[in-house]
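Data from query-v4.csv: CSV, C-alpha atoms
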chain,number,residue,atom,x,y,z
G,1,MET,CA,11.4,12.5,11.8
G,2,LYS,CA,11.4,16.3,12.1
G,3,LEU,CA,8.7,18.9,12.5
G,4,VAL,CA,9.2,19.9,8.9
G,5,ASP,CA,8.1,16.4,7.9
G,6,LEU,CA,4.7,17.0,9.6
G,7,LYS,CA,4.4,20.2,7.5
G,8,TYR,CA,5.3,18.4,4.3
G,9,LEU,CA,2.9,15.6,5.1
G,10,GLY,CA,0.2,18.1,5.8
G,11,ILE,CA,0.8,19.8,2.5
G,12,ILE,CA,0.6,16.5,0.6
G,13,THR,CA,-2.6,15.5,2.4
G,14,LEU,CA,-4.3,18.8,1.8
G,15,PHE,CA,-3.3,18.6,-1.9
G,16,LEU,CA,-4.8,15.2,-2.3
G,17,ILE,CA,-8.0,16.3,-0.5
G,18,ALA,CA,-8.3,19.2,-2.9
G,19,VAL,CA,-7.8,17.0,-5.9
G,20,THR,CA,-10.5,14.6,-4.7
G,21,PHE,CA,-13.0,17.5,-4.3
G,22,ILE,CA,-12.1,18.8,-7.8
G,23,VAL,CA,-12.4,15.4,-9.4
G,24,SER,CA,-15.6,14.6,-7.5
G,25,PRO,CA,-15.6,10.9,-8.4
G,26,TRP,CA,-18.8,9.9,-6.5
G,27,GLY,CA,-21.6,8.2,-8.3
G,28,GLU,CA,-23.0,4.7,-8.8
G,29,PHE,CA,-21.0,3.7,-11.9
G,30,CYS,CA,-17.9,1.6,-12.7
G,31,MET,CA,-14.5,3.0,-13.4
G,32,TYR,CA,-12.2,1.2,-15.9
G,33,ASP,CA,-12.4,-2.6,-15.3
G,34,ASP,CA,-13.3,-2.4,-11.6
G,35,TRP,CA,-16.8,-3.8,-12.5
G,36,SER,CA,-15.3,-7.3,-12.1
G,37,PHE,CA,-13.8,-6.6,-8.7
G,38,ALA,CA,-17.0,-4.8,-7.6
G,39,GLY,CA,-19.0,-7.9,-8.7
G,40,SER,CA,-16.8,-10.2,-6.6
G,41,MET,CA,-17.1,-7.7,-3.7
G,42,LEU,CA,-20.9,-7.8,-4.0
G,43,THR,CA,-20.9,-11.6,-3.9
G,44,TYR,CA,-18.6,-11.6,-0.9
G,45,TRP,CA,-20.7,-8.9,0.8
G,46,GLN,CA,-23.9,-10.9,0.4
G,47,THR,CA,-22.7,-14.5,0.9
G,48,GLY,CA,-19.3,-14.4,2.5
G,49,GLU,CA,-17.9,-16.5,-0.3
G,50,PHE,CA,-15.2,-15.6,-2.8
G,51,HIS,CA,-16.3,-15.7,-6.5
G,52,PHE,CA,-14.1,-14.4,-9.2
G,53,VAL,CA,-15.0,-13.8,-12.9
G,54,ASP,CA,-12.7,-14.9,-15.7
G,55,TRP,CA,-11.5,-11.3,-16.0
G,56,THR,CA,-9.9,-11.4,-12.6
G,57,SER,CA,-6.2,-12.4,-12.9
G,58,MET,CA,-5.0,-11.7,-9.3
G,59,PRO,CA,-5.7,-13.2,-5.9
G,60,LEU,CA,-8.0,-10.2,-4.9
G,61,ALA,CA,-9.1,-11.9,-1.6
G,62,GLY,CA,-7.0,-9.5,0.5
G,63,GLN,CA,-8.7,-6.5,-1.0
G,64,LEU,CA,-12.2,-7.9,-0.6
G,65,ILE,CA,-11.6,-8.6,3.1
G,66,LEU,CA,-10.2,-5.2,3.8
G,67,ALA,CA,-13.0,-3.5,1.8
G,68,LYS,CA,-15.7,-5.4,3.6
G,69,ILE,CA,-14.4,-4.3,7.0
G,70,PHE,CA,-14.1,-0.7,5.8
G,71,ILE,CA,-17.6,-0.4,4.2
G,72,ALA,CA,-19.4,-2.4,6.9
G,73,PRO,CA,-21.0,0.7,8.4
G,74,LEU,CA,-21.8,2.2,5.0
G,75,GLY,CA,-23.3,-0.7,3.1
G,76,PHE,CA,-22.3,-1.9,-0.4
G,77,SER,CA,-22.2,0.7,-3.2
G,78,PHE,CA,-19.7,2.0,-5.8
G,79,ASN,CA,-19.4,5.1,-3.6
G,80,SER,CA,-18.4,3.2,-0.5
G,81,LEU,CA,-15.9,1.1,-2.6
G,82,ARG,CA,-14.3,4.2,-4.0
G,83,LEU,CA,-14.2,5.8,-0.5
G,84,PHE,CA,-12.3,2.7,0.6
G,85,THR,CA,-9.8,3.2,-2.2
G,86,VAL,CA,-9.4,6.9,-1.5
G,87,PHE,CA,-8.6,6.0,2.1
G,88,MET,CA,-6.0,3.5,1.0
G,89,GLY,CA,-4.7,6.2,-1.3
G,90,PHE,CA,-3.9,8.4,1.6
G,91,ALA,CA,-2.3,5.4,3.4
G,92,ALA,CA,-0.2,4.8,0.3
G,93,ILE,CA,1.0,8.4,0.1
G,94,TRP,CA,1.9,8.6,3.7
G,95,GLY,CA,3.7,5.2,3.4
G,96,THR,CA,5.6,6.6,0.4
G,97,TYR,CA,6.7,9.6,2.4
G,98,PHE,CA,7.9,7.4,5.3
G,99,PHE,CA,9.6,5.0,2.9
G,100,PHE,CA,11.6,7.7,1.2
G,101,TRP,CA,12.4,9.4,4.5
G,102,GLN,CA,13.7,6.1,5.8
G,103,ALA,CA,15.8,5.6,2.7
G,104,THR,CA,17.2,9.1,2.4
G,105,LYS,CA,16.9,10.8,5.9
G,106,ASP,CA,16.4,14.0,3.9
G,107,SER,CA,13.0,15.8,4.3
G,108,ARG,CA,13.3,18.0,1.2
G,109,ARG,CA,14.2,15.1,-1.1
G,110,THR,CA,11.5,13.0,0.5
G,111,MET,CA,8.9,15.7,-0.2
G,112,ILE,CA,10.0,16.0,-3.8
G,113,PHE,CA,10.0,12.2,-4.4
G,114,THR,CA,6.6,11.7,-2.7
G,115,PHE,CA,4.9,14.6,-4.5
G,116,ALA,CA,6.3,13.4,-7.9
G,117,PHE,CA,4.7,10.0,-7.2
G,118,LEU,CA,1.4,11.6,-6.1
G,119,ILE,CA,0.9,13.6,-9.3
G,120,GLN,CA,1.7,10.9,-11.8
G,121,ALA,CA,-1.2,9.7,-13.8
G,122,VAL,CA,-1.4,6.1,-12.7
G,123,PHE,CA,-1.9,7.0,-9.0
G,124,LEU,CA,-4.4,9.8,-9.7
G,125,ASN,CA,-6.4,7.6,-12.0
G,126,PHE,CA,-6.7,4.5,-9.9
G,127,ILE,CA,-7.3,6.2,-6.5
G,128,TYR,CA,-10.8,6.9,-7.7
G,129,SER,CA,-11.7,3.3,-8.7
G,130,PHE,CA,-12.0,-0.1,-7.0
G,131,ASN,CA,-9.1,-1.5,-8.9
G,132,THR,CA,-6.4,-3.3,-7.0
G,133,ASP,CA,-3.5,-1.0,-7.7
G,134,ILE,CA,-3.9,1.4,-4.8
G,135,PRO,CA,-4.8,-1.0,-1.9
G,136,PHE,CA,-2.0,-3.3,-3.1
G,137,PHE,CA,0.6,-0.5,-3.3
G,138,ALA,CA,-0.5,0.9,0.1
G,139,LEU,CA,0.3,-2.4,1.9
G,140,LEU,CA,3.4,-3.0,-0.2
G,141,ILE,CA,5.0,0.4,0.5
G,142,TRP,CA,4.4,0.2,4.3
G,143,SER,CA,5.9,-3.3,4.2
G,144,ALA,CA,8.9,-1.9,2.4
G,145,TYR,CA,9.2,0.8,5.0
G,146,PHE,CA,9.2,-1.7,7.9
G,147,PHE,CA,11.7,-3.9,6.1
G,148,LEU,CA,14.0,-0.9,5.9
G,149,ARG,CA,13.4,-0.1,9.6
G,150,TYR,CA,14.4,-3.7,10.4
G,151,ILE,CA,17.6,-3.6,8.3
G,152,GLU,CA,18.6,-0.4,10.2
G,153,LYS,CA,17.3,-1.2,13.8
G,154,ALA,CA,17.1,-5.0,13.8
G,155,ASN,CA,13.8,-4.8,15.7
G,156,ILE,CA,12.0,-8.1,15.3
G,157,TYR,CA,8.6,-6.3,15.5
G,158,HIS,CA,9.4,-4.3,12.5
G,159,PHE,CA,10.2,-7.5,10.6
G,160,LEU,CA,7.0,-9.2,11.7
G,161,ILE,CA,4.9,-6.2,10.7
G,162,ALA,CA,6.6,-6.0,7.3
G,163,VAL,CA,6.0,-9.7,6.6
G,164,VAL,CA,2.3,-9.5,7.6
G,165,LEU,CA,1.8,-6.5,5.3
G,166,LEU,CA,3.7,-8.2,2.5
G,167,LEU,CA,1.6,-11.4,2.8
G,168,TRP,CA,-1.6,-9.3,2.7
G,169,SER,CA,-0.4,-7.4,-0.3
G,170,ILE,CA,0.3,-10.7,-2.1
G,171,LEU,CA,-3.3,-11.7,-1.3
G,172,ILE,CA,-4.3,-8.7,-3.5
G,173,ARG,CA,-1.7,-9.0,-6.3
G,174,ASP,CA,0.8,-11.9,-6.3
G,175,ILE,CA,3.5,-9.7,-7.9
G,176,GLY,CA,4.1,-8.5,-4.3
G,177,ILE,CA,6.4,-11.5,-4.0
G,178,ALA,CA,9.0,-9.4,-5.7
G,179,LEU,CA,9.5,-7.4,-2.5
G,180,ALA,CA,10.4,-10.6,-0.6
G,181,PHE,CA,13.2,-11.2,-3.0
G,182,ALA,CA,14.2,-7.5,-2.8
G,183,PHE,CA,14.4,-7.7,1.0
G,184,ALA,CA,16.4,-10.9,0.9
G,185,SER,CA,18.9,-9.3,-1.4
G,186,ALA,CA,19.2,-6.0,0.5
G,187,PHE,CA,19.4,-7.7,3.9
G,188,ALA,CA,22.0,-10.2,2.8
G,189,ALA,CA,24.1,-7.4,1.1
G,190,SER,CA,23.9,-5.2,4.1
G,191,ASN,CA,25.2,-7.9,6.4
G,192,LEU,CA,27.8,-9.1,4.0
G,193,LEU,CA,29.2,-5.5,3.7
G,194,GLN,CA,29.4,-5.4,7.5
G,195,SER,CA,30.8,-9.0,7.8
G,196,LYS,CA,27.9,-9.9,10.1
G,197,ILE,CA,26.4,-12.8,8.1
G,198,SER,CA,25.2,-15.8,10.1
G,199,LEU,CA,22.8,-18.7,9.8
G,200,LYS,CA,20.2,-16.7,11.7
G,201,LYS,CA,20.4,-13.8,9.3
G,202,ILE,CA,20.3,-16.1,6.3
G,203,LEU,CA,17.1,-17.6,7.6
G,204,ILE,CA,15.6,-14.1,8.2
G,205,ALA,CA,16.5,-13.1,4.7
G,206,ILE,CA,14.8,-16.0,3.1
G,207,LEU,CA,11.8,-16.3,5.4
G,208,PRO,CA,9.5,-13.8,3.6
G,209,VAL,CA,10.2,-15.6,0.3
G,210,VAL,CA,9.3,-19.0,1.9
Could you render the structure as C-alpha cells?
Amino acid sequence: MKLVDLKYLGIITLFLIAVTFIVSPWGEFCMYDDWSFAGSMLTYWQTGEFHFVDWTSMPLAGQLILAKIFIAPLGFSFNSLRLFTVFMGFAAIWGTYFFFWQATKDSRRTMIFTFAFLIQAVFLNFIYSFNTDIPFFALLIWSAYFFLRYIEKANIYHFLIAVVLLLWSILIRDIGIALAFAFASAFAASNLLQSKISLKKILIAILPVV
C-alpha cells in the first residue's frame, strides 16, 4: 500500500468519528431489535451460558463472546455494547478499504468505493446498535481480504487467518457460509485459468466449505 492510502484511511476514520459525535448514540436504551441480543448478552455476562429468545434467528454466539471480551473492563450496559459495535464498525471500514485495495490496486477507486459503503444507510444505522450486522460484516470482510491475499500470494498463513475469521463470522450469522462458496469458485477459476489445478488446490478450495 502507498502513503496516499494512509491519508485516505485517515480521512475515512476522522469522518466516522465526526459522524459518531454528531449522532451521539449513547444512552441506556435499545435500538431497533437489539433488545433480544442484549438480553442474551446479559445472560451470558451473568451466567456464562448461552440463552436465545425466540426472536433470535442466527447463531449469535460469536458476537456474544467477542462482546464479553471487549466490555469486560467496562461492565454490562447498552453504552458498552454500542461502543463494542462502533469499534467493530471501524474494523469493518478499514477491512473494506483493504479489501477493495487488494481487489483493484487503485487507491483512488478504493477510497471512492469505501466511502460509498460508509455513507449508505444500513451501515450508519446499525453501527450504533448491538445488532449483528456490523460485527458479522467486520469479520467477513477481513476474511475476504485474506482469501484474496491467499489467491495472489499463496501464503498458507493468509488462508488460515481467512478461515478462522470466516468461521467466527458464521458463529454470528450463518449466511457467512456464502463466502466459503465464493472463495471455492474464485480459487478454482483462478487456477483453471492458469492451468495450475491439482488435488491439493481442489482440497484447499473446498476446505472452508467443509
Exercise. So, counting only C-alpha atoms, which residue among G:Thr104, G:Ser80, G:Ser169, G:Asn155 is closest to Glu28 of chain G?
Worked result: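 Smallest separation from Glu28 of chain G among the options: G:Ser80.
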Problem set entry | atom CA of Gly89 of chain G to atom CA of Thr20 of chain G, straight-line distance in Å |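 If I compute the distance from atom CA of Thr20 of chain G to atom CA of Gly89 of chain G, I get 10.8 Å.
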Problem set entry | Neighbour list for Leu165 of chain G as number ranges by chain, cut-off 8 Å, all atoms listed in the file, skip fewer than 6 positions in-chain | G: 139-140, 142-143
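Candidate residues G:Leu3, G:Ala67, G:Gly62, G:Phe100 were compared for distance to Asp174 of chain G, and the nearest is G:Gly62, using all atoms listed in the file.
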Problem set entry | Shortest interatomic distance to Thr85 of chain G - which of G:Phe29, G:Tyr128, G:Phe136, G:Phe99, counting only C-alpha atoms | G:Tyr128
Problem set entry | Using all atoms listed in the file: which of G:Leu148, G:Leu207, G:Ile65, G:Ile93 has the shortest distance to Leu16 of chain G |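 Looking only at the distances to Leu16 of chain G, the closest residue turns out to be G:Ile93.
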Exercise. So how many Å separate atom CA of Val23 of chain G and atom CA of Asn131 of chain G, to one decimal?
Worked result: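 Rounded to one decimal, the two atoms are 17.2 Å apart.
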For this session: Excluding Ser107 of chain G and any residue of its chain fewer than 3 positions from it, enumerate the residues within 8 Å of it, using all atoms listed in the file, and give them as a PyMOL selection string.
Result: chain G and resi 2+4-5+101+110-111
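The coordinates place atom CA of Ser40 of chain G at 7.5 Å from atom CA of Val53 of chain G.
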Find the spatial neighbours of segment 115-124 of chain G, counting all atoms listed in the file, within a cut-off of 10 Å - ignore same-chain residues fewer than 2 positions away - and output them as a PDB file with C-alpha atoms, keeping the file's coordinate frame.
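Final file, selection.pdb:
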ATOM      1  CA  TYR G   8       5.300  18.400   4.300  1.00  0.00           C
ATOM      2  CA  LEU G   9       2.900  15.600   5.100  1.00  0.00           C
ATOM      3  CA  ILE G  11       0.800  19.800   2.500  1.00  0.00           C
ATOM      4  CA  ILE G  12       0.600  16.500   0.600  1.00  0.00           C
ATOM      5  CA  PHE G  15      -3.300  18.600  -1.900  1.00  0.00           C
ATOM      6  CA  LEU G  16      -4.800  15.200  -2.300  1.00  0.00           C
ATOM      7  CA  VAL G  19      -7.800  17.000  -5.900  1.00  0.00           C
ATOM      8  CA  THR G  20     -10.500  14.600  -4.700  1.00  0.00           C
ATOM      9  CA  VAL G  23     -12.400  15.400  -9.400  1.00  0.00           C
ATOM     10  CA  GLY G  89      -4.700   6.200  -1.300  1.00  0.00           C
ATOM     11  CA  PHE G  90      -3.900   8.400   1.600  1.00  0.00           C
ATOM     12  CA  ALA G  92      -0.200   4.800   0.300  1.00  0.00           C
ATOM     13  CA  ILE G  93       1.000   8.400   0.100  1.00  0.00           C
ATOM     14  CA  THR G  96       5.600   6.600   0.400  1.00  0.00           C
ATOM     15  CA  TYR G  97       6.700   9.600   2.400  1.00  0.00           C
ATOM     16  CA  ARG G 109      14.200  15.100  -1.100  1.00  0.00           C
ATOM     17  CA  THR G 110      11.500  13.000   0.500  1.00  0.00           C
ATOM     18  CA  MET G 111       8.900  15.700  -0.200  1.00  0.00           C
ATOM     19  CA  ILE G 112      10.000  16.000  -3.800  1.00  0.00           C
ATOM     20  CA  PHE G 113      10.000  12.200  -4.400  1.00  0.00           C
ATOM     21  CA  PHE G 126      -6.700   4.500  -9.900  1.00  0.00           C
ATOM     22  CA  ILE G 127      -7.300   6.200  -6.500  1.00  0.00           C
ATOM     23  CA  TYR G 128     -10.800   6.900  -7.700  1.00  0.00           C
ATOM     24  CA  SER G 129     -11.700   3.300  -8.700  1.00  0.00           C
ATOM     25  CA  ASP G 133      -3.500  -1.000  -7.700  1.00  0.00           C
ATOM     26  CA  ILE G 134      -3.900   1.400  -4.800  1.00  0.00           C
ATOM     27  CA  PHE G 137       0.600  -0.500  -3.300  1.00  0.00           C
TER      28      PHE G 137
END
For this session: Please provide as a PyMOL selection string all residues within 10 Å of segment 35-39 of chain G, with the sequence filter that same-chain residues fewer than 5 positions apart are discarded (counting only C-alpha atoms).
Result: chain G and resi 29-30+44-45+51-56+60+63-64+76-78+81+129-132
Exercise. Neighbours of segment 188-193 of chain G within 12 Å (only C-alpha atoms; same-chain residues fewer than 2 positions away dropped), as a VMD selection string?
Worked result: chain G and resid 148 150 to 152 154 181 to 186 195 to 206
Exercise. Counting all atoms listed in the file, which of G:Ala180, G:Ala61, G:Leu6, G:Ala103 gets nearest to Arg149 of chain G?
Worked result: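 Closest residue, counting all atoms listed in the file: G:Ala103.
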Exercise. With only C-alpha atoms as the basis for distance, which of G:Ile172, G:Val209, G:Met58, G:Leu160 is at the shortest distance from Pro135 of chain G?
Worked result: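 For Pro135 of chain G, the nearest of the given residues is G:Ile172.
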